[in-house]
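Text of the file protein.pdb, holding PDB, C-alpha atoms and all ligand atoms:
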ATOM      1  CA  MET A1231       0.000   0.000   0.000  1.00  0.00           C
ATOM      2  CA  ARG A1232       1.200   3.454  -0.872  1.00  0.00           C
ATOM      3  CA  LYS A1233       0.899   5.917   2.016  1.00  0.00           C
ATOM      4  CA  PRO A1234      -0.833   9.112   0.887  1.00  0.00           C
ATOM      5  CA  ILE A1235       1.318  12.226   1.050  1.00  0.00           C
ATOM      6  CA  ILE A1236      -0.051  15.751   1.221  1.00  0.00           C
ATOM      7  CA  ALA A1237       2.601  18.427   0.760  1.00  0.00           C
ATOM      8  CA  GLY A1238       2.208  22.181   0.937  1.00  0.00           C
ATOM      9  CA  ASN A1239       4.184  24.291  -1.499  1.00  0.00           C
ATOM     10  CA  TRP A1240       4.275  27.743  -0.002  1.00  0.00           C
ATOM     11  CA  LYS A1241       6.134  29.248  -2.990  1.00  0.00           C
ATOM     12  CA  MET A1242       7.331  32.820  -2.267  1.00  0.00           C
ATOM     13  CA  ASN A1243       4.925  33.416   0.603  1.00  0.00           C
ATOM     14  CA  LYS A1244       5.264  33.882   4.369  1.00  0.00           C
ATOM     15  CA  THR A1245       8.039  35.549   6.323  1.00  0.00           C
ATOM     16  CA  ALA A1246       9.564  33.450   9.095  1.00  0.00           C
ATOM     17  CA  LYS A1247       7.244  35.094  11.620  1.00  0.00           C
ATOM     18  CA  GLN A1248       4.147  34.449   9.489  1.00  0.00           C
ATOM     19  CA  ALA A1249       5.341  30.901   8.881  1.00  0.00           C
ATOM     20  CA  VAL A1250       5.438  30.113  12.594  1.00  0.00           C
ATOM     21  CA  GLU A1251       1.936  31.555  13.040  1.00  0.00           C
ATOM     22  CA  LEU A1252       0.623  29.322  10.254  1.00  0.00           C
ATOM     23  CA  ILE A1253       2.301  26.204  11.664  1.00  0.00           C
ATOM     24  CA  GLU A1254       0.978  26.890  15.160  1.00  0.00           C
ATOM     25  CA  GLU A1255      -2.531  27.171  13.774  1.00  0.00           C
ATOM     26  CA  LEU A1256      -2.099  24.054  11.656  1.00  0.00           C
ATOM     27  CA  LYS A1257      -0.644  21.686  14.250  1.00  0.00           C
ATOM     28  CA  PRO A1258      -3.790  20.949  16.290  1.00  0.00           C
ATOM     29  CA  LEU A1259      -5.891  20.705  13.120  1.00  0.00           C
ATOM     30  CA  ILE A1260      -3.857  17.847  11.652  1.00  0.00           C
ATOM     31  CA  ALA A1261      -2.789  16.083  14.848  1.00  0.00           C
ATOM     32  CA  LYS A1262      -4.843  12.991  14.034  1.00  0.00           C
ATOM     33  CA  SER A1263      -4.207  12.916  10.309  1.00  0.00           C
ATOM     34  CA  LYS A1264      -3.510   9.685   8.461  1.00  0.00           C
ATOM     35  CA  PRO A1265      -1.508  10.865   5.433  1.00  0.00           C
ATOM     36  CA  GLU A1266       2.099  11.921   5.563  1.00  0.00           C
ATOM     37  CA  VAL A1267       2.157  15.731   5.883  1.00  0.00           C
ATOM     38  CA  VAL A1268       4.958  17.911   4.516  1.00  0.00           C
ATOM     39  CA  VAL A1269       5.406  21.663   4.273  1.00  0.00           C
ATOM     40  CA  CYS A1270       7.819  22.922   1.611  1.00  0.00           C
ATOM     41  CA  VAL A1271       8.701  26.458   2.629  1.00  0.00           C
ATOM     42  CA  PRO A1272      10.982  29.302   1.494  1.00  0.00           C
ATOM     43  CA  TYR A1273      14.627  28.865   2.501  1.00  0.00           C
ATOM     44  CA  THR A1274      14.408  31.791   4.926  1.00  0.00           C
ATOM     45  CA  ASP A1275      11.604  30.047   6.847  1.00  0.00           C
ATOM     46  CA  LEU A1276      13.300  26.676   7.252  1.00  0.00           C
ATOM     47  CA  TRP A1277      14.929  27.136  10.667  1.00  0.00           C
ATOM     48  CA  ALA A1278      11.851  28.742  12.206  1.00  0.00           C
ATOM     49  CA  VAL A1279       9.502  26.112  10.760  1.00  0.00           C
ATOM     50  CA  LYS A1280      11.815  23.315  11.863  1.00  0.00           C
ATOM     51  CA  ASP A1281      11.453  24.513  15.477  1.00  0.00           C
ATOM     52  CA  ALA A1282       7.729  25.134  15.127  1.00  0.00           C
ATOM     53  CA  ILE A1283       6.960  21.608  13.834  1.00  0.00           C
ATOM     54  CA  ALA A1284       9.061  19.839  16.496  1.00  0.00           C
ATOM     55  CA  GLY A1285       7.030  17.105  18.146  1.00  0.00           C
ATOM     56  CA  SER A1286       4.313  17.233  15.471  1.00  0.00           C
ATOM     57  CA  LYS A1287       3.672  15.002  12.455  1.00  0.00           C
ATOM     58  CA  ILE A1288       4.630  17.688   9.995  1.00  0.00           C
ATOM     59  CA  LYS A1289       7.773  17.093   7.964  1.00  0.00           C
ATOM     60  CA  LEU A1290      10.060  19.782   6.608  1.00  0.00           C
ATOM     61  CA  GLY A1291      10.613  20.424   2.908  1.00  0.00           C
ATOM     62  CA  ALA A1292      12.436  22.982   0.754  1.00  0.00           C
ATOM     63  CA  GLU A1293      11.369  24.266  -2.655  1.00  0.00           C
ATOM     64  CA  ASN A1294      14.545  23.459  -4.574  1.00  0.00           C
ATOM     65  CA  VAL A1295      18.131  22.229  -4.174  1.00  0.00           C
ATOM     66  CA  ALA A1296      21.355  22.988  -6.028  1.00  0.00           C
ATOM     67  CA  TRP A1297      22.955  20.342  -8.229  1.00  0.00           C
ATOM     68  CA  ALA A1298      26.491  21.061  -7.013  1.00  0.00           C
ATOM     69  CA  ASP A1299      27.997  20.241  -3.615  1.00  0.00           C
ATOM     70  CA  ASN A1300      29.190  23.806  -3.056  1.00  0.00           C
ATOM     71  CA  GLY A1301      31.078  26.610  -4.795  1.00  0.00           C
ATOM     72  CA  ALA A1302      30.494  29.590  -7.065  1.00  0.00           C
ATOM     73  CA  PHE A1303      26.725  29.321  -7.608  1.00  0.00           C
ATOM     74  CA  THR A1304      25.341  32.635  -6.407  1.00  0.00           C
ATOM     75  CA  GLY A1305      21.821  32.354  -5.076  1.00  0.00           C
ATOM     76  CA  GLU A1306      21.743  28.562  -4.849  1.00  0.00           C
ATOM     77  CA  ILE A1307      21.326  26.457  -1.701  1.00  0.00           C
ATOM     78  CA  SER A1308      23.110  23.132  -1.342  1.00  0.00           C
ATOM     79  CA  ALA A1309      21.816  19.781  -0.156  1.00  0.00           C
ATOM     80  CA  GLU A1310      24.312  19.858   2.707  1.00  0.00           C
ATOM     81  CA  MET A1311      22.907  23.187   3.909  1.00  0.00           C
ATOM     82  CA  LEU A1312      19.385  21.772   3.825  1.00  0.00           C
ATOM     83  CA  LYS A1313      20.385  18.564   5.566  1.00  0.00           C
ATOM     84  CA  GLU A1314      21.994  20.480   8.412  1.00  0.00           C
ATOM     85  CA  ILE A1315      18.683  22.203   9.124  1.00  0.00           C
ATOM     86  CA  GLY A1316      16.822  18.909   9.091  1.00  0.00           C
ATOM     87  CA  VAL A1317      15.072  19.183   5.735  1.00  0.00           C
ATOM     88  CA  GLU A1318      13.633  15.869   4.566  1.00  0.00           C
ATOM     89  CA  TYR A1319      11.880  16.673   1.266  1.00  0.00           C
ATOM     90  CA  VAL A1320      12.738  18.947  -1.672  1.00  0.00           C
ATOM     91  CA  ILE A1321      10.566  20.005  -4.582  1.00  0.00           C
ATOM     92  CA  ILE A1322      12.395  19.743  -7.902  1.00  0.00           C
ATOM     93  CA  GLY A1323      11.344  21.011 -11.332  1.00  0.00           C
ATOM     94  CA  HIS A1324       8.204  22.890 -10.358  1.00  0.00           C
ATOM     95  CA  SER A1325       6.587  24.411 -13.450  1.00  0.00           C
ATOM     96  CA  GLU A1326       7.262  27.921 -12.105  1.00  0.00           C
ATOM     97  CA  ARG A1327      10.965  27.074 -11.954  1.00  0.00           C
ATOM     98  CA  ARG A1328      10.754  25.765 -15.516  1.00  0.00           C
ATOM     99  CA  GLN A1329       8.748  28.758 -16.744  1.00  0.00           C
ATOM    100  CA  TYR A1330      10.461  31.682 -15.008  1.00  0.00           C
ATOM    101  CA  PHE A1331      13.925  30.430 -14.067  1.00  0.00           C
ATOM    102  CA  GLY A1332      15.035  28.375 -17.036  1.00  0.00           C
ATOM    103  CA  GLU A1333      14.810  24.985 -15.361  1.00  0.00           C
ATOM    104  CA  THR A1334      15.059  22.140 -17.887  1.00  0.00           C
ATOM    105  CA  ASP A1335      14.714  18.367 -17.774  1.00  0.00           C
ATOM    106  CA  GLN A1336      18.516  18.232 -17.631  1.00  0.00           C
ATOM    107  CA  SER A1337      18.777  20.574 -14.640  1.00  0.00           C
ATOM    108  CA  VAL A1338      15.935  18.689 -12.992  1.00  0.00           C
ATOM    109  CA  ASN A1339      17.928  15.497 -13.455  1.00  0.00           C
ATOM    110  CA  MET A1340      21.078  17.028 -11.982  1.00  0.00           C
ATOM    111  CA  ARG A1341      19.207  18.353  -8.948  1.00  0.00           C
ATOM    112  CA  LEU A1342      17.487  15.014  -8.515  1.00  0.00           C
ATOM    113  CA  VAL A1343      20.780  13.110  -8.529  1.00  0.00           C
ATOM    114  CA  GLN A1344      22.168  15.527  -5.967  1.00  0.00           C
ATOM    115  CA  ALA A1345      19.115  15.247  -3.714  1.00  0.00           C
ATOM    116  CA  LEU A1346      19.261  11.446  -3.733  1.00  0.00           C
ATOM    117  CA  LYS A1347      23.003  11.438  -3.102  1.00  0.00           C
ATOM    118  CA  ASN A1348      22.319  13.444   0.049  1.00  0.00           C
ATOM    119  CA  ASP A1349      19.318  11.415   1.246  1.00  0.00           C
ATOM    120  CA  LEU A1350      16.832  14.174   0.541  1.00  0.00           C
ATOM    121  CA  LYS A1351      13.458  12.949  -0.680  1.00  0.00           C
ATOM    122  CA  PRO A1352      12.602  14.618  -3.992  1.00  0.00           C
ATOM    123  CA  ILE A1353       9.121  15.634  -5.070  1.00  0.00           C
ATOM    124  CA  VAL A1354       9.654  15.914  -8.821  1.00  0.00           C
ATOM    125  CA  CYS A1355       7.059  17.959 -10.696  1.00  0.00           C
ATOM    126  CA  VAL A1356       5.870  17.217 -14.222  1.00  0.00           C
ATOM    127  CA  GLY A1357       2.936  18.520 -16.220  1.00  0.00           C
ATOM    128  CA  GLU A1358       1.755  19.935 -19.521  1.00  0.00           C
ATOM    129  CA  THR A1359       0.775  23.501 -20.397  1.00  0.00           C
ATOM    130  CA  LEU A1360      -2.664  24.394 -21.710  1.00  0.00           C
ATOM    131  CA  GLN A1361      -1.289  24.792 -25.224  1.00  0.00           C
ATOM    132  CA  GLU A1362       0.349  21.370 -25.099  1.00  0.00           C
ATOM    133  CA  ARG A1363      -2.858  19.857 -23.803  1.00  0.00           C
ATOM    134  CA  GLU A1364      -4.938  21.443 -26.532  1.00  0.00           C
ATOM    135  CA  LYS A1365      -2.546  20.080 -29.138  1.00  0.00           C
ATOM    136  CA  ASN A1366      -2.944  16.591 -27.646  1.00  0.00           C
ATOM    137  CA  LYS A1367       0.669  16.545 -26.574  1.00  0.00           C
ATOM    138  CA  THR A1368       0.191  15.718 -22.898  1.00  0.00           C
ATOM    139  CA  LYS A1369       1.613  12.199 -23.080  1.00  0.00           C
ATOM    140  CA  LYS A1370       4.525  13.231 -25.263  1.00  0.00           C
ATOM    141  CA  VAL A1371       5.451  16.070 -22.889  1.00  0.00           C
ATOM    142  CA  LEU A1372       5.186  13.884 -19.800  1.00  0.00           C
ATOM    143  CA  LYS A1373       7.223  11.141 -21.429  1.00  0.00           C
ATOM    144  CA  LYS A1374      10.060  13.527 -22.216  1.00  0.00           C
ATOM    145  CA  GLN A1375       9.965  15.129 -18.761  1.00  0.00           C
ATOM    146  CA  ILE A1376      10.086  11.728 -17.083  1.00  0.00           C
ATOM    147  CA  LEU A1377      12.595   9.909 -19.298  1.00  0.00           C
ATOM    148  CA  GLU A1378      15.004  12.865 -19.275  1.00  0.00           C
ATOM    149  CA  GLY A1379      14.317  14.023 -15.729  1.00  0.00           C
ATOM    150  CA  PHE A1380      14.814  10.539 -14.271  1.00  0.00           C
ATOM    151  CA  LYS A1381      17.638   9.482 -16.586  1.00  0.00           C
ATOM    152  CA  GLY A1382      20.078   7.158 -14.822  1.00  0.00           C
ATOM    153  CA  ILE A1383      17.893   6.817 -11.733  1.00  0.00           C
ATOM    154  CA  GLU A1384      17.383   3.274 -10.501  1.00  0.00           C
ATOM    155  CA  ASP A1385      16.193   3.541  -6.926  1.00  0.00           C
ATOM    156  CA  PHE A1386      12.797   5.209  -6.632  1.00  0.00           C
ATOM    157  CA  THR A1387      12.234   4.359  -2.958  1.00  0.00           C
ATOM    158  CA  ASN A1388      12.454   7.971  -1.773  1.00  0.00           C
ATOM    159  CA  ILE A1389      11.019   9.637  -4.861  1.00  0.00           C
ATOM    160  CA  VAL A1390       7.592  11.213  -5.181  1.00  0.00           C
ATOM    161  CA  ILE A1391       6.264  12.493  -8.522  1.00  0.00           C
ATOM    162  CA  ALA A1392       3.812  15.390  -8.581  1.00  0.00           C
ATOM    163  CA  TYR A1393       1.670  15.565 -11.709  1.00  0.00           C
ATOM    164  CA  GLU A1394       0.690  19.202 -12.016  1.00  0.00           C
ATOM    165  CA  PRO A1395      -1.031  20.303 -15.213  1.00  0.00           C
ATOM    166  CA  VAL A1396       0.281  23.849 -15.602  1.00  0.00           C
ATOM    167  CA  TRP A1397      -3.150  25.147 -16.619  1.00  0.00           C
ATOM    168  CA  ALA A1398      -4.549  24.044 -13.256  1.00  0.00           C
ATOM    169  CA  ILE A1399      -1.940  25.729 -11.065  1.00  0.00           C
ATOM    170  CA  GLY A1400      -3.229  28.750  -9.198  1.00  0.00           C
ATOM    171  CA  THR A1401      -6.063  29.161 -11.689  1.00  0.00           C
ATOM    172  CA  GLY A1402      -8.915  27.615  -9.725  1.00  0.00           C
ATOM    173  CA  LYS A1403      -9.269  25.111 -12.578  1.00  0.00           C
ATOM    174  CA  THR A1404      -8.782  21.552 -11.392  1.00  0.00           C
ATOM    175  CA  ALA A1405      -8.410  18.561 -13.628  1.00  0.00           C
ATOM    176  CA  THR A1406     -11.410  16.321 -13.122  1.00  0.00           C
ATOM    177  CA  ALA A1407     -10.643  13.424 -10.827  1.00  0.00           C
ATOM    178  CA  GLU A1408     -11.075  10.986 -13.731  1.00  0.00           C
ATOM    179  CA  ASP A1409      -8.788  12.985 -15.955  1.00  0.00           C
ATOM    180  CA  ALA A1410      -6.076  13.327 -13.305  1.00  0.00           C
ATOM    181  CA  ASN A1411      -6.366   9.623 -12.532  1.00  0.00           C
ATOM    182  CA  LYS A1412      -6.041   8.721 -16.195  1.00  0.00           C
ATOM    183  CA  THR A1413      -2.990  10.890 -16.768  1.00  0.00           C
ATOM    184  CA  ILE A1414      -1.323   9.670 -13.580  1.00  0.00           C
ATOM    185  CA  GLY A1415      -2.163   6.159 -14.764  1.00  0.00           C
ATOM    186  CA  TYR A1416      -0.237   6.931 -17.932  1.00  0.00           C
ATOM    187  CA  ILE A1417       2.749   8.115 -15.861  1.00  0.00           C
ATOM    188  CA  ARG A1418       2.603   4.913 -13.843  1.00  0.00           C
ATOM    189  CA  SER A1419       2.487   2.770 -16.973  1.00  0.00           C
ATOM    190  CA  LEU A1420       5.480   4.624 -18.390  1.00  0.00           C
ATOM    191  CA  VAL A1421       7.370   4.014 -15.149  1.00  0.00           C
ATOM    192  CA  ARG A1422       6.376   0.347 -15.308  1.00  0.00           C
ATOM    193  CA  LYS A1423       7.638   0.028 -18.849  1.00  0.00           C
ATOM    194  CA  THR A1424      10.911   1.782 -18.105  1.00  0.00           C
ATOM    195  CA  TRP A1425      11.764   0.781 -14.534  1.00  0.00           C
ATOM    196  CA  GLY A1426       9.627  -2.285 -13.898  1.00  0.00           C
ATOM    197  CA  ALA A1427       6.459  -3.345 -12.152  1.00  0.00           C
ATOM    198  CA  GLU A1428       7.796  -3.161  -8.595  1.00  0.00           C
ATOM    199  CA  VAL A1429       8.858   0.473  -8.959  1.00  0.00           C
ATOM    200  CA  ALA A1430       5.548   1.404 -10.595  1.00  0.00           C
ATOM    201  CA  LYS A1431       3.584  -0.283  -7.848  1.00  0.00           C
ATOM    202  CA  SER A1432       5.279   1.446  -4.955  1.00  0.00           C
ATOM    203  CA  LEU A1433       5.969   4.897  -6.461  1.00  0.00           C
ATOM    204  CA  ARG A1434       3.798   7.631  -4.987  1.00  0.00           C
ATOM    205  CA  ILE A1435       2.333  10.070  -7.514  1.00  0.00           C
ATOM    206  CA  GLN A1436       0.573  13.209  -6.336  1.00  0.00           C
ATOM    207  CA  TYR A1437      -1.864  15.440  -8.140  1.00  0.00           C
ATOM    208  CA  GLY A1438      -1.319  19.204  -7.937  1.00  0.00           C
ATOM    209  CA  GLY A1439      -3.253  22.179  -9.280  1.00  0.00           C
ATOM    210  CA  SER A1440      -6.013  24.015  -7.416  1.00  0.00           C
ATOM    211  CA  MET A1441      -6.556  21.191  -4.977  1.00  0.00           C
ATOM    212  CA  LYS A1442      -8.773  22.339  -2.115  1.00  0.00           C
ATOM    213  CA  PRO A1443     -10.860  20.891   0.715  1.00  0.00           C
ATOM    214  CA  THR A1444     -13.885  20.687  -1.567  1.00  0.00           C
ATOM    215  CA  ASN A1445     -12.259  18.509  -4.240  1.00  0.00           C
ATOM    216  CA  ALA A1446      -9.600  16.633  -2.221  1.00  0.00           C
ATOM    217  CA  LYS A1447     -11.808  13.709  -1.289  1.00  0.00           C
ATOM    218  CA  GLU A1448     -12.833  13.000  -4.861  1.00  0.00           C
ATOM    219  CA  LEU A1449      -9.288  13.266  -6.169  1.00  0.00           C
ATOM    220  CA  MET A1450      -7.831  11.158  -3.367  1.00  0.00           C
ATOM    221  CA  ALA A1451     -10.414   8.437  -3.947  1.00  0.00           C
ATOM    222  CA  MET A1452      -8.842   7.727  -7.349  1.00  0.00           C
ATOM    223  CA  ARG A1453      -6.781   4.568  -7.662  1.00  0.00           C
ATOM    224  CA  ASN A1454      -3.675   6.182  -9.099  1.00  0.00           C
ATOM    225  CA  ILE A1455      -3.601   9.358  -6.997  1.00  0.00           C
ATOM    226  CA  ASP A1456      -1.473   9.056  -3.874  1.00  0.00           C
ATOM    227  CA  GLY A1457      -1.521  12.589  -2.577  1.00  0.00           C
ATOM    228  CA  GLY A1458      -1.493  16.257  -3.388  1.00  0.00           C
ATOM    229  CA  LEU A1459       0.949  19.098  -3.856  1.00  0.00           C
ATOM    230  CA  ILE A1460      -0.896  22.128  -2.593  1.00  0.00           C
ATOM    231  CA  GLY A1461      -0.094  25.759  -3.406  1.00  0.00           C
ATOM    232  CA  GLY A1462      -2.690  28.411  -2.586  1.00  0.00           C
ATOM    233  CA  ALA A1463      -4.683  26.293  -0.162  1.00  0.00           C
ATOM    234  CA  ALA A1464      -1.536  25.507   1.845  1.00  0.00           C
ATOM    235  CA  LEU A1465      -1.320  29.139   2.950  1.00  0.00           C
ATOM    236  CA  LYS A1466      -4.414  28.916   5.129  1.00  0.00           C
ATOM    237  CA  ALA A1467      -4.335  26.452   8.029  1.00  0.00           C
ATOM    238  CA  THR A1468      -8.002  25.493   7.818  1.00  0.00           C
ATOM    239  CA  ASP A1469      -7.828  24.878   4.053  1.00  0.00           C
ATOM    240  CA  PHE A1470      -4.640  22.822   4.226  1.00  0.00           C
ATOM    241  CA  ALA A1471      -6.014  20.835   7.162  1.00  0.00           C
ATOM    242  CA  GLY A1472      -9.237  20.309   5.234  1.00  0.00           C
ATOM    243  CA  ILE A1473      -7.221  18.633   2.488  1.00  0.00           C
ATOM    244  CA  VAL A1474      -5.042  16.611   4.865  1.00  0.00           C
ATOM    245  CA  ASN A1475      -8.188  15.406   6.626  1.00  0.00           C
ATOM    246  CA  TYR A1476      -9.951  14.627   3.336  1.00  0.00           C
ATOM    247  CA  LYS A1477     -11.399  11.486   4.816  1.00  0.00           C
ATOM    248  CA  GLY A1478     -13.227  13.617   7.368  1.00  0.00           C
TER     249      GLY A1478
HETATM  250  P1  LIG B   1      -2.091  25.582  -6.523  1.00  0.00           P
HETATM  251  O1  LIG B   1      -0.531  25.280  -6.744  1.00  0.00           O
HETATM  252  O2  LIG B   1      -2.574  24.578  -5.507  1.00  0.00           O
HETATM  253  O3  LIG B   1      -2.129  26.997  -6.000  1.00  0.00           O
HETATM  254  O4  LIG B   1      -2.756  25.436  -7.828  1.00  0.00           O
HETATM  255  C1  LIG B   1      -0.046  23.972  -6.811  1.00  0.00           C
HETATM  256  C2  LIG B   1       1.436  24.000  -7.059  1.00  0.00           C
HETATM  257  O5  LIG B   1       1.897  24.875  -7.800  1.00  0.00           O
HETATM  258  O6  LIG B   1       2.181  23.163  -6.522  1.00  0.00           O
END
How does this structure look as structure tokens?
Ligand code: PGA
Amino acid sequence: MRKPIIAGNWKMNKTAKQAVELIEELKPLIAKSKPEVVVCVPYTDLWAVKDAIAGSKIKLGAENVAWADNGAFTGEISAEMLKEIGVEYVIIGHSERRQYFGETDQSVNMRLVQALKNDLKPIVCVGETLQEREKNKTKKVLKKQILEGFKGIEDFTNIVIAYEPVWAIGTGKTATAEDANKTIGYIRSLVRKTWGAEVAKSLRIQYGGSMKPTNAKELMAMRNIDGGLIGGAALKATDFAGIVNYKG
């Protein structure tokens, strides 16, 4: 059985002070939750959030990781730096990184290798744009992102994939549960074909894109959907908790 994983992606929101306030509000609301709960927060919030989540079920995540060990990479943050804080998860290849910061399948692959080398658990994002979807290119795009992004990777034990159709991110438009399930089913079949049945069976694949308390239950009921990567709704404790507690 794959354990569901609900992860918040705070993006560029919340100062350290605001972050602690949000965590304090969230903790009692998710104390009895069944899924694994992660918050991926801005680098500047990591220390404060690490202290705030101590003793709770919430796990700490970052929103990216550098591909190099250290050195002349202005603005980047290394795996070693994250590990020292106690970071467990890292988002890699989010569509906003691809769209605004030049992230490619190759850089995703390099960051992924680095994360795994340092025992960080990567949440690797894939997904098609609206234009690609309308041109019926969804499968082709996902195939390229996955085969190039995961090139050379053999051990998927610590890896989570987040399928996030770009047109559903922050737009209020969610893929229908059937649609998301079907596309994630395609991703799983591609993984099966490339890395084998065992990997495909145990790999957790999240849905992301305007997931909220009102649609979480329906999405999470789908056979292929193992969790959610939550943007906007992760910024409000009651909304995020409503998703985490989708079973009621
Ligand atoms: P959203 O963002 O929930 O605000 O659509 C999801 C994401 O970008 O991970």
What are the closest atom pairs, with distances in Å to one decimal, for all residues of chain A lying within 7 Å of ligand LIG 1 (chain B)? Consider only C-alpha atoms and all ligand atoms, order rows by chain and residue number, and present the result as a Markdown table.
| residue | atom | partner | partner_atom | distance |
| --- | --- | --- | --- | --- |
| A:Asn1239 | CA | B:LIG1 | O6 | 5.5 |
| A:Glu1394 | CA | B:LIG1 | O6 | 6.9 |
| A:Ala1398 | CA | B:LIG1 | O4 | 5.9 |
| A:Ile1399 | CA | B:LIG1 | O4 | 3.4 |
| A:Gly1400 | CA | B:LIG1 | O4 | 3.6 |
| A:Thr1401 | CA | B:LIG1 | O4 | 6.3 |
| A:Gly1402 | CA | B:LIG1 | O4 | 6.8 |
| A:Gly1438 | CA | B:LIG1 | C1 | 5.1 |
| A:Gly1439 | CA | B:LIG1 | O4 | 3.6 |
| A:Ser1440 | CA | B:LIG1 | O4 | 3.6 |
| A:Met1441 | CA | B:LIG1 | O2 | 5.3 |
| A:Leu1459 | CA | B:LIG1 | O6 | 5.0 |
| A:Ile1460 | CA | B:LIG1 | O2 | 4.2 |
| A:Gly1461 | CA | B:LIG1 | O1 | 3.4 |
| A:Gly1462 | CA | B:LIG1 | O3 | 3.7 |
| A:Ala1463 | CA | B:LIG1 | O2 | 6.0 |
Residues matched by the PyMOL selection byres (((chain A and resi 1369) around 10) and not hetatm) as a list of chain:residue names: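 Taken over the shown coordinates, the PyMOL selection byres (((chain A and resi 1369) around 10) and not hetatm) returns A:Gly1357, A:Glu1358, A:Glu1362, A:Arg1363, A:Asn1366, A:Lys1367, A:Thr1368, A:Lys1370, A:Val1371, A:Leu1372, A:Lys1373, A:Lys1374, A:Gln1375, A:Thr1413, A:Tyr1416, A:Ile1417, A:Leu1420.
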A:Gln1344, A:Thr1359, A:Ser1337, A:Thr1444 ranked by distance to Val1396 (chain A), top pick (using only C-alpha atoms):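 Between A:Gln1344, A:Thr1359, A:Ser1337, A:Thr1444, the residue approaching Val1396 (chain A) most closely is A:Thr1359.
When the PyMOL selection byres (((chain A and resi 1295) around 6) and not hetatm) is evaluated on the file shown here, the picked residues come out as Asn1294, Ala1296, Ile1307, Ser1308 and Ala1309 of chain A.
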Residue nearest Trp1397 (chain A) among A:Val1267, A:Val1343, A:Glu1364, A:Arg1418 (counting all atoms listed in the file):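 Smallest distance to Trp1397 (chain A) is found for A:Glu1364.
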Contacts of Leu1346 (chain A) within 8 Å, all atoms listed in the file, excl. fewer than 5 positions in-chain, as a PyMOL selection string: chain A and resi 1351-1352+1388
Given the PyMOL selection byres (((chain A and resi 1393) around 7) and not hetatm), the residues it picks as a list in words: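 Checked against the file, the PyMOL selection byres (((chain A and resi 1393) around 7) and not hetatm) matches Cys1355, Val1356, Gly1357, Ile1391, Ala1392, Glu1394, Pro1395, Ile1414, Ile1435, Gln1436, Tyr1437 and Gly1438 of chain A.
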Write the residues you've just listed into a file as an mmCIF file, keeping the file's coordinate frame, and include C-alpha atoms for each of them.
data_model
loop_
_atom_site.group_PDB
_atom_site.id
_atom_site.type_symbol
_atom_site.label_atom_id
_atom_site.label_comp_id
_atom_site.auth_asym_id
_atom_site.auth_seq_id
_atom_site.Cartn_x
_atom_site.Cartn_y
_atom_site.Cartn_z
ATOM 1 C CA CYS A 1355 7.059 17.959 -10.696
ATOM 2 C CA VAL A 1356 5.870 17.217 -14.222
ATOM 3 C CA GLY A 1357 2.936 18.520 -16.220
ATOM 4 C CA ILE A 1391 6.264 12.493 -8.522
ATOM 5 C CA ALA A 1392 3.812 15.390 -8.581
ATOM 6 C CA GLU A 1394 0.690 19.202 -12.016
ATOM 7 C CA PRO A 1395 -1.031 20.303 -15.213
ATOM 8 C CA ILE A 1414 -1.323 9.670 -13.580
ATOM 9 C CA ILE A 1435 2.333 10.070 -7.514
ATOM 10 C CA GLN A 1436 0.573 13.209 -6.336
ATOM 11 C CA TYR A 1437 -1.864 15.440 -8.140
ATOM 12 C CA GLY A 1438 -1.319 19.204 -7.937
#
Output as AutoDock Vina command-line options the centre and edge lengths (Å, one decimal) of the box along x, y and z of the file that holds every listed atom of region 1375-1387 of chain A after adding 6 Å on each side.
--center_x 15.0 --center_y 9.2 --center_z -11.1 --size_x 22.1 --size_y 23.9 --size_z 28.3
Shell of 10 Å around region 1287-1293 of chain A, all atoms listed in the file, local chain residues under 6 positions omitted, as a PyMOL selection string: chain A and resi 1237-1242+1253+1256-1257+1260-1277+1279-1280+1307+1309+1312+1315-1324+1327+1350-1353
Test item: residues at most 6 Å from Gly1457 (chain A), all atoms listed in the file, excluding those fewer than 6 positions along its chain, as a list in words: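 Result of the neighbour search: Pro1234, Ile1235, Ile1236 and Gln1436 of chain A.
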